[in-house]
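Listing of entry.pdb; format and content: PDB, C-alpha atoms.
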```pdb
ATOM      1  CA  MET Z   1     -24.296  22.157 -16.658  1.00  0.00           C
ATOM      2  CA  ALA Z   2     -27.249  23.838 -14.913  1.00  0.00           C
ATOM      3  CA  LEU Z   3     -29.005  22.297 -11.929  1.00  0.00           C
ATOM      4  CA  ALA Z   4     -32.136  22.021 -14.012  1.00  0.00           C
ATOM      5  CA  ASP Z   5     -30.325  19.381 -16.107  1.00  0.00           C
ATOM      6  CA  LEU Z   6     -30.520  17.091 -13.077  1.00  0.00           C
ATOM      7  CA  ILE Z   7     -34.275  17.553 -12.651  1.00  0.00           C
ATOM      8  CA  PRO Z   8     -36.685  15.414 -14.686  1.00  0.00           C
ATOM      9  CA  ASP Z   9     -40.082  16.655 -15.874  1.00  0.00           C
ATOM     10  CA  GLY Z  10     -42.311  17.017 -12.825  1.00  0.00           C
ATOM     11  CA  GLY Z  11     -39.283  17.062 -10.526  1.00  0.00           C
ATOM     12  CA  ALA Z  12     -39.870  20.556  -9.161  1.00  0.00           C
ATOM     13  CA  SER Z  13     -42.769  21.528  -6.930  1.00  0.00           C
ATOM     14  CA  VAL Z  14     -43.756  24.674  -5.095  1.00  0.00           C
ATOM     15  CA  ASP Z  15     -45.792  25.509  -2.011  1.00  0.00           C
ATOM     16  CA  PHE Z  16     -45.921  21.975  -0.677  1.00  0.00           C
ATOM     17  CA  GLY Z  17     -47.541  21.837   2.742  1.00  0.00           C
ATOM     18  CA  ALA Z  18     -45.234  19.603   4.773  1.00  0.00           C
ATOM     19  CA  SER Z  19     -45.402  19.848   8.552  1.00  0.00           C
ATOM     20  CA  SER Z  20     -42.110  18.031   9.224  1.00  0.00           C
ATOM     21  CA  ARG Z  21     -38.811  17.031   7.665  1.00  0.00           C
ATOM     22  CA  LYS Z  22     -40.033  13.427   7.503  1.00  0.00           C
ATOM     23  CA  GLN Z  23     -43.199  14.425   5.643  1.00  0.00           C
ATOM     24  CA  ALA Z  24     -41.219  16.530   3.138  1.00  0.00           C
ATOM     25  CA  LEU Z  25     -38.765  13.674   2.528  1.00  0.00           C
ATOM     26  CA  GLN Z  26     -41.624  11.183   2.073  1.00  0.00           C
ATOM     27  CA  ALA Z  27     -43.268  13.411  -0.530  1.00  0.00           C
ATOM     28  CA  MET Z  28     -39.978  13.907  -2.355  1.00  0.00           C
ATOM     29  CA  SER Z  29     -39.347  10.151  -2.270  1.00  0.00           C
ATOM     30  CA  GLU Z  30     -42.721   9.552  -3.899  1.00  0.00           C
ATOM     31  CA  THR Z  31     -41.920  12.055  -6.650  1.00  0.00           C
ATOM     32  CA  ALA Z  32     -38.510  10.436  -7.126  1.00  0.00           C
ATOM     33  CA  ALA Z  33     -40.101   6.986  -7.319  1.00  0.00           C
ATOM     34  CA  LEU Z  34     -42.324   8.091 -10.189  1.00  0.00           C
ATOM     35  CA  ALA Z  35     -39.322   9.428 -12.119  1.00  0.00           C
ATOM     36  CA  THR Z  36     -36.915   6.563 -11.401  1.00  0.00           C
ATOM     37  CA  GLY Z  37     -39.180   3.529 -11.191  1.00  0.00           C
ATOM     38  CA  LEU Z  38     -37.725   2.698  -7.792  1.00  0.00           C
ATOM     39  CA  ASN Z  39     -39.831   1.999  -4.724  1.00  0.00           C
ATOM     40  CA  ALA Z  40     -40.678   5.182  -2.785  1.00  0.00           C
ATOM     41  CA  ARG Z  41     -40.057   3.430   0.537  1.00  0.00           C
ATOM     42  CA  THR Z  42     -36.586   2.334  -0.610  1.00  0.00           C
ATOM     43  CA  ILE Z  43     -35.719   5.903  -1.572  1.00  0.00           C
ATOM     44  CA  PHE Z  44     -37.148   7.319   1.651  1.00  0.00           C
ATOM     45  CA  GLU Z  45     -35.241   4.840   3.824  1.00  0.00           C
ATOM     46  CA  ALA Z  46     -31.947   5.567   2.025  1.00  0.00           C
ATOM     47  CA  VAL Z  47     -32.434   9.323   2.439  1.00  0.00           C
ATOM     48  CA  LEU Z  48     -33.466   8.917   6.091  1.00  0.00           C
ATOM     49  CA  GLN Z  49     -30.431   6.724   6.757  1.00  0.00           C
ATOM     50  CA  ARG Z  50     -28.208   9.500   5.374  1.00  0.00           C
ATOM     51  CA  GLU Z  51     -30.028  12.067   7.542  1.00  0.00           C
ATOM     52  CA  ARG Z  52     -29.196   9.982  10.619  1.00  0.00           C
ATOM     53  CA  LEU Z  53     -25.488  10.458   9.873  1.00  0.00           C
ATOM     54  CA  GLY Z  54     -25.958  14.216  10.116  1.00  0.00           C
ATOM     55  CA  SER Z  55     -28.515  16.722   9.007  1.00  0.00           C
ATOM     56  CA  THR Z  56     -28.425  17.862   5.402  1.00  0.00           C
ATOM     57  CA  GLY Z  57     -29.799  21.248   6.431  1.00  0.00           C
ATOM     58  CA  VAL Z  58     -27.026  23.530   5.181  1.00  0.00           C
ATOM     59  CA  GLY Z  59     -28.459  26.813   6.490  1.00  0.00           C
ATOM     60  CA  GLN Z  60     -30.167  29.871   5.044  1.00  0.00           C
ATOM     61  CA  GLY Z  61     -33.421  27.881   4.751  1.00  0.00           C
ATOM     62  CA  VAL Z  62     -31.824  25.262   2.471  1.00  0.00           C
ATOM     63  CA  ALA Z  63     -31.569  21.488   2.828  1.00  0.00           C
ATOM     64  CA  ILE Z  64     -29.860  19.123   0.399  1.00  0.00           C
ATOM     65  CA  PRO Z  65     -30.845  15.579   1.361  1.00  0.00           C
ATOM     66  CA  HIS Z  66     -29.018  12.985  -0.713  1.00  0.00           C
ATOM     67  CA  ALA Z  67     -28.415   9.270  -1.031  1.00  0.00           C
ATOM     68  CA  ARG Z  68     -26.783   6.685  -3.249  1.00  0.00           C
ATOM     69  CA  LEU Z  69     -29.045   3.922  -4.454  1.00  0.00           C
ATOM     70  CA  PRO Z  70     -28.783   0.769  -6.546  1.00  0.00           C
ATOM     71  CA  GLY Z  71     -30.982   0.901  -9.613  1.00  0.00           C
ATOM     72  CA  ILE Z  72     -30.229   4.518 -10.507  1.00  0.00           C
ATOM     73  CA  ASP Z  73     -28.059   4.952 -13.582  1.00  0.00           C
ATOM     74  CA  GLN Z  74     -27.318   8.689 -13.300  1.00  0.00           C
ATOM     75  CA  VAL Z  75     -27.409  11.494 -10.758  1.00  0.00           C
ATOM     76  CA  ILE Z  76     -30.923  12.913 -10.565  1.00  0.00           C
ATOM     77  CA  GLY Z  77     -32.407  15.747  -8.540  1.00  0.00           C
ATOM     78  CA  PHE Z  78     -35.752  16.941  -7.252  1.00  0.00           C
ATOM     79  CA  PHE Z  79     -36.606  20.374  -5.900  1.00  0.00           C
ATOM     80  CA  MET Z  80     -39.377  21.303  -3.477  1.00  0.00           C
ATOM     81  CA  ARG Z  81     -40.277  24.691  -2.044  1.00  0.00           C
ATOM     82  CA  LEU Z  82     -42.299  24.329   1.123  1.00  0.00           C
ATOM     83  CA  ARG Z  83     -45.216  26.599   1.949  1.00  0.00           C
ATOM     84  CA  ALA Z  84     -43.802  26.968   5.473  1.00  0.00           C
ATOM     85  CA  PRO Z  85     -40.282  26.032   6.604  1.00  0.00           C
ATOM     86  CA  VAL Z  86     -39.728  22.865   8.659  1.00  0.00           C
ATOM     87  CA  ASP Z  87     -36.976  21.945  11.098  1.00  0.00           C
ATOM     88  CA  PHE Z  88     -34.091  20.250   9.289  1.00  0.00           C
ATOM     89  CA  GLU Z  89     -31.679  20.600  12.221  1.00  0.00           C
ATOM     90  CA  SER Z  90     -29.727  22.996   9.999  1.00  0.00           C
ATOM     91  CA  ILE Z  91     -26.292  24.165  11.023  1.00  0.00           C
ATOM     92  CA  ASP Z  92     -27.596  27.716  11.539  1.00  0.00           C
ATOM     93  CA  GLY Z  93     -30.647  26.544  13.509  1.00  0.00           C
ATOM     94  CA  GLN Z  94     -33.048  27.952  10.907  1.00  0.00           C
ATOM     95  CA  PRO Z  95     -35.849  25.831   9.407  1.00  0.00           C
ATOM     96  CA  ALA Z  96     -35.662  24.935   5.700  1.00  0.00           C
ATOM     97  CA  ASP Z  97     -38.139  25.767   2.966  1.00  0.00           C
ATOM     98  CA  LEU Z  98     -35.934  25.098  -0.092  1.00  0.00           C
ATOM     99  CA  ILE Z  99     -35.128  21.413  -0.440  1.00  0.00           C
ATOM    100  CA  PHE Z 100     -33.085  19.808  -3.186  1.00  0.00           C
ATOM    101  CA  LEU Z 101     -33.066  15.996  -3.100  1.00  0.00           C
ATOM    102  CA  LEU Z 102     -30.127  14.447  -4.898  1.00  0.00           C
ATOM    103  CA  LEU Z 103     -29.999  10.734  -5.752  1.00  0.00           C
ATOM    104  CA  ALA Z 104     -27.004   9.019  -7.287  1.00  0.00           C
ATOM    105  CA  PRO Z 105     -25.956   5.553  -8.408  1.00  0.00           C
ATOM    106  CA  GLU Z 106     -24.398   3.451  -5.678  1.00  0.00           C
ATOM    107  CA  ASP Z 107     -20.979   3.599  -7.331  1.00  0.00           C
ATOM    108  CA  ALA Z 108     -21.060   7.284  -8.336  1.00  0.00           C
ATOM    109  CA  GLY Z 109     -18.253   8.699  -6.225  1.00  0.00           C
ATOM    110  CA  ALA Z 110     -16.928  11.820  -7.941  1.00  0.00           C
ATOM    111  CA  GLU Z 111     -20.078  12.397 -10.000  1.00  0.00           C
ATOM    112  CA  HIS Z 112     -22.221  12.446  -6.848  1.00  0.00           C
ATOM    113  CA  LEU Z 113     -19.840  14.808  -5.050  1.00  0.00           C
ATOM    114  CA  LYS Z 114     -19.610  17.164  -8.031  1.00  0.00           C
ATOM    115  CA  ALA Z 115     -23.404  17.374  -8.282  1.00  0.00           C
ATOM    116  CA  LEU Z 116     -23.687  17.946  -4.531  1.00  0.00           C
ATOM    117  CA  ALA Z 117     -21.101  20.739  -4.708  1.00  0.00           C
ATOM    118  CA  ARG Z 118     -22.900  22.325  -7.669  1.00  0.00           C
ATOM    119  CA  VAL Z 119     -26.254  22.297  -5.855  1.00  0.00           C
ATOM    120  CA  SER Z 120     -24.637  23.710  -2.723  1.00  0.00           C
ATOM    121  CA  ARG Z 121     -22.838  26.488  -4.611  1.00  0.00           C
ATOM    122  CA  MET Z 122     -25.978  27.619  -6.381  1.00  0.00           C
ATOM    123  CA  LEU Z 123     -28.260  27.508  -3.344  1.00  0.00           C
ATOM    124  CA  ARG Z 124     -25.682  29.360  -1.250  1.00  0.00           C
ATOM    125  CA  ARG Z 125     -26.360  32.458  -3.369  1.00  0.00           C
ATOM    126  CA  GLU Z 126     -28.812  34.878  -1.762  1.00  0.00           C
ATOM    127  CA  ASP Z 127     -30.142  36.067  -5.144  1.00  0.00           C
ATOM    128  CA  VAL Z 128     -30.953  32.490  -6.194  1.00  0.00           C
ATOM    129  CA  ARG Z 129     -32.728  31.735  -2.908  1.00  0.00           C
ATOM    130  CA  GLN Z 130     -34.776  34.938  -3.237  1.00  0.00           C
ATOM    131  CA  ARG Z 131     -35.765  34.096  -6.805  1.00  0.00           C
ATOM    132  CA  LEU Z 132     -36.714  30.535  -5.840  1.00  0.00           C
ATOM    133  CA  ARG Z 133     -38.884  31.841  -3.001  1.00  0.00           C
ATOM    134  CA  ALA Z 134     -40.524  34.427  -5.287  1.00  0.00           C
ATOM    135  CA  ALA Z 135     -41.126  32.084  -8.240  1.00  0.00           C
ATOM    136  CA  PRO Z 136     -44.880  31.813  -8.883  1.00  0.00           C
ATOM    137  CA  ASP Z 137     -44.846  28.204 -10.109  1.00  0.00           C
ATOM    138  CA  ALA Z 138     -42.723  25.124 -10.780  1.00  0.00           C
ATOM    139  CA  GLU Z 139     -41.882  26.317 -14.292  1.00  0.00           C
ATOM    140  CA  ALA Z 140     -40.414  29.544 -12.900  1.00  0.00           C
ATOM    141  CA  VAL Z 141     -38.453  27.551 -10.293  1.00  0.00           C
ATOM    142  CA  TYR Z 142     -37.073  25.390 -13.074  1.00  0.00           C
ATOM    143  CA  ALA Z 143     -35.987  28.526 -14.949  1.00  0.00           C
ATOM    144  CA  VAL Z 144     -34.140  29.800 -11.865  1.00  0.00           C
ATOM    145  CA  LEU Z 145     -32.379  26.448 -11.449  1.00  0.00           C
ATOM    146  CA  ALA Z 146     -31.506  26.504 -15.149  1.00  0.00           C
ATOM    147  CA  GLY Z 147     -29.750  29.802 -14.553  1.00  0.00           C
ATOM    148  CA  GLU Z 148     -32.159  31.804 -16.652  1.00  0.00           C
ATOM    149  CA  PRO Z 149     -32.975  35.364 -15.621  1.00  0.00           C
ATOM    150  CA  ALA Z 150     -36.189  35.816 -13.663  1.00  0.00           C
ATOM    151  CA  THR Z 151     -39.021  37.153 -15.773  1.00  0.00           C
ATOM    152  CA  ASP Z 152     -41.808  38.394 -13.528  1.00  0.00           C
ATOM    153  CA  ALA Z 153     -41.271  36.431 -10.339  1.00  0.00           C
ATOM    154  CA  ALA Z 154     -42.284  39.367  -8.177  1.00  0.00           C
TER     155      ALA Z 154
END
```
Written form, structure tokens:
Amino acid sequence: MALADLIPDGGASVDFGASSRKQALQAMSETAALATGLNARTIFEAVLQRERLGSTGVGQGVAIPHARLPGIDQVIGFFMRLRAPVDFESIDGQPADLIFLLLAPEDAGAEHLKALARVSRMLRREDVRQRLRAAPDAEAVYAVLAGEPATDAA
């Protein structure tokens, strides 16, 4: 299953102008609220609570914030490419510009972990990160996440 299968219509955005990790997470929570019907504040607080346990900045300009929430019936993801990287307290000290928010049902143990591992594996690849950064629009980002070859993302 491709990462794009986790992302609903409108779940990928490019060149968002966030000035902080908090602002990026708030914007992603609002997008997630529209897709899930949950309250944006509830999503934001759950994601922020997880961030307090340890940063989800995994390095190489990538962050994978995630949370389990009641009211979600399946794992769902949202992707955002920032116009300029923000500090995510990543393990390599580099700011993040590629953010993949992953939300899962409260009781989704293995399913949540499998999706998290899949996102991590894909975004660990240099070629994928380059293609995501070069993608001209959200549709092209979606194609990269779906595992389709880049067309003219130069």
**Report entry** 7 Å contact set for Z:Val58, only C-alpha atoms, chain neighbours under 4 positions out, as a list in words
**Finding:** Val62, Ala63, Ser90 and Ile91 of chain Z
On this structure, which residues satisfy the PyMOL selection byres ((chain Z and resi 11-22) around 9), written as a CSV table (one decimal) with C-alpha atoms, keeping the file's coordinate frame?
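File produced: expr.csv:
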```
chain,number,residue,atom,x,y,z
Z,7,ILE,CA,-34.3,17.6,-12.7
Z,8,PRO,CA,-36.7,15.4,-14.7
Z,9,ASP,CA,-40.1,16.7,-15.9
Z,10,GLY,CA,-42.3,17.0,-12.8
Z,23,GLN,CA,-43.2,14.4,5.6
Z,24,ALA,CA,-41.2,16.5,3.1
Z,25,LEU,CA,-38.8,13.7,2.5
Z,26,GLN,CA,-41.6,11.2,2.1
Z,27,ALA,CA,-43.3,13.4,-0.5
Z,28,MET,CA,-40.0,13.9,-2.4
Z,31,THR,CA,-41.9,12.1,-6.6
Z,32,ALA,CA,-38.5,10.4,-7.1
Z,35,ALA,CA,-39.3,9.4,-12.1
Z,44,PHE,CA,-37.1,7.3,1.7
Z,48,LEU,CA,-33.5,8.9,6.1
Z,77,GLY,CA,-32.4,15.7,-8.5
Z,78,PHE,CA,-35.8,16.9,-7.3
Z,79,PHE,CA,-36.6,20.4,-5.9
Z,80,MET,CA,-39.4,21.3,-3.5
Z,81,ARG,CA,-40.3,24.7,-2.0
Z,82,LEU,CA,-42.3,24.3,1.1
Z,83,ARG,CA,-45.2,26.6,1.9
Z,84,ALA,CA,-43.8,27.0,5.5
Z,85,PRO,CA,-40.3,26.0,6.6
Z,86,VAL,CA,-39.7,22.9,8.7
Z,87,ASP,CA,-37.0,21.9,11.1
Z,88,PHE,CA,-34.1,20.2,9.3
Z,96,ALA,CA,-35.7,24.9,5.7
Z,133,ARG,CA,-38.9,31.8,-3.0
Z,135,ALA,CA,-41.1,32.1,-8.2
Z,136,PRO,CA,-44.9,31.8,-8.9
Z,137,ASP,CA,-44.8,28.2,-10.1
Z,138,ALA,CA,-42.7,25.1,-10.8
Z,139,GLU,CA,-41.9,26.3,-14.3
Z,141,VAL,CA,-38.5,27.6,-10.3
Z,142,TYR,CA,-37.1,25.4,-13.1
```
Requested in this report: Can you turn the PyMOL selection byres ((chain Z and resi 101) around 6) into a concrete residue list for this file, as a ChimeraX atom specification?
Outcome: /Z:64-66,77-78,100,102
Query raised in the report: Do you have the atom CA of Z:Glu30-atom CA of Z:Ile43 distance handy?
Result: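 A separation of 8.2 Å between them.
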Query raised in the report: Do you have the atom CA of Z:Lys114-atom CA of Z:Ala4 distance handy?
Result: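 Computed distance, atom CA of Z:Lys114 to atom CA of Z:Ala4, equals 14.7 Å.
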Requested in this report: Pick out the closest residue to Z:Arg129 from this set: Z:Gly54, Z:Gly71, Z:Gly59, Z:Gly109. Count all atoms listed in the file.
Outcome: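 Once distances to Z:Arg129 are computed over all atoms listed in the file, the minimum belongs to Z:Gly59.
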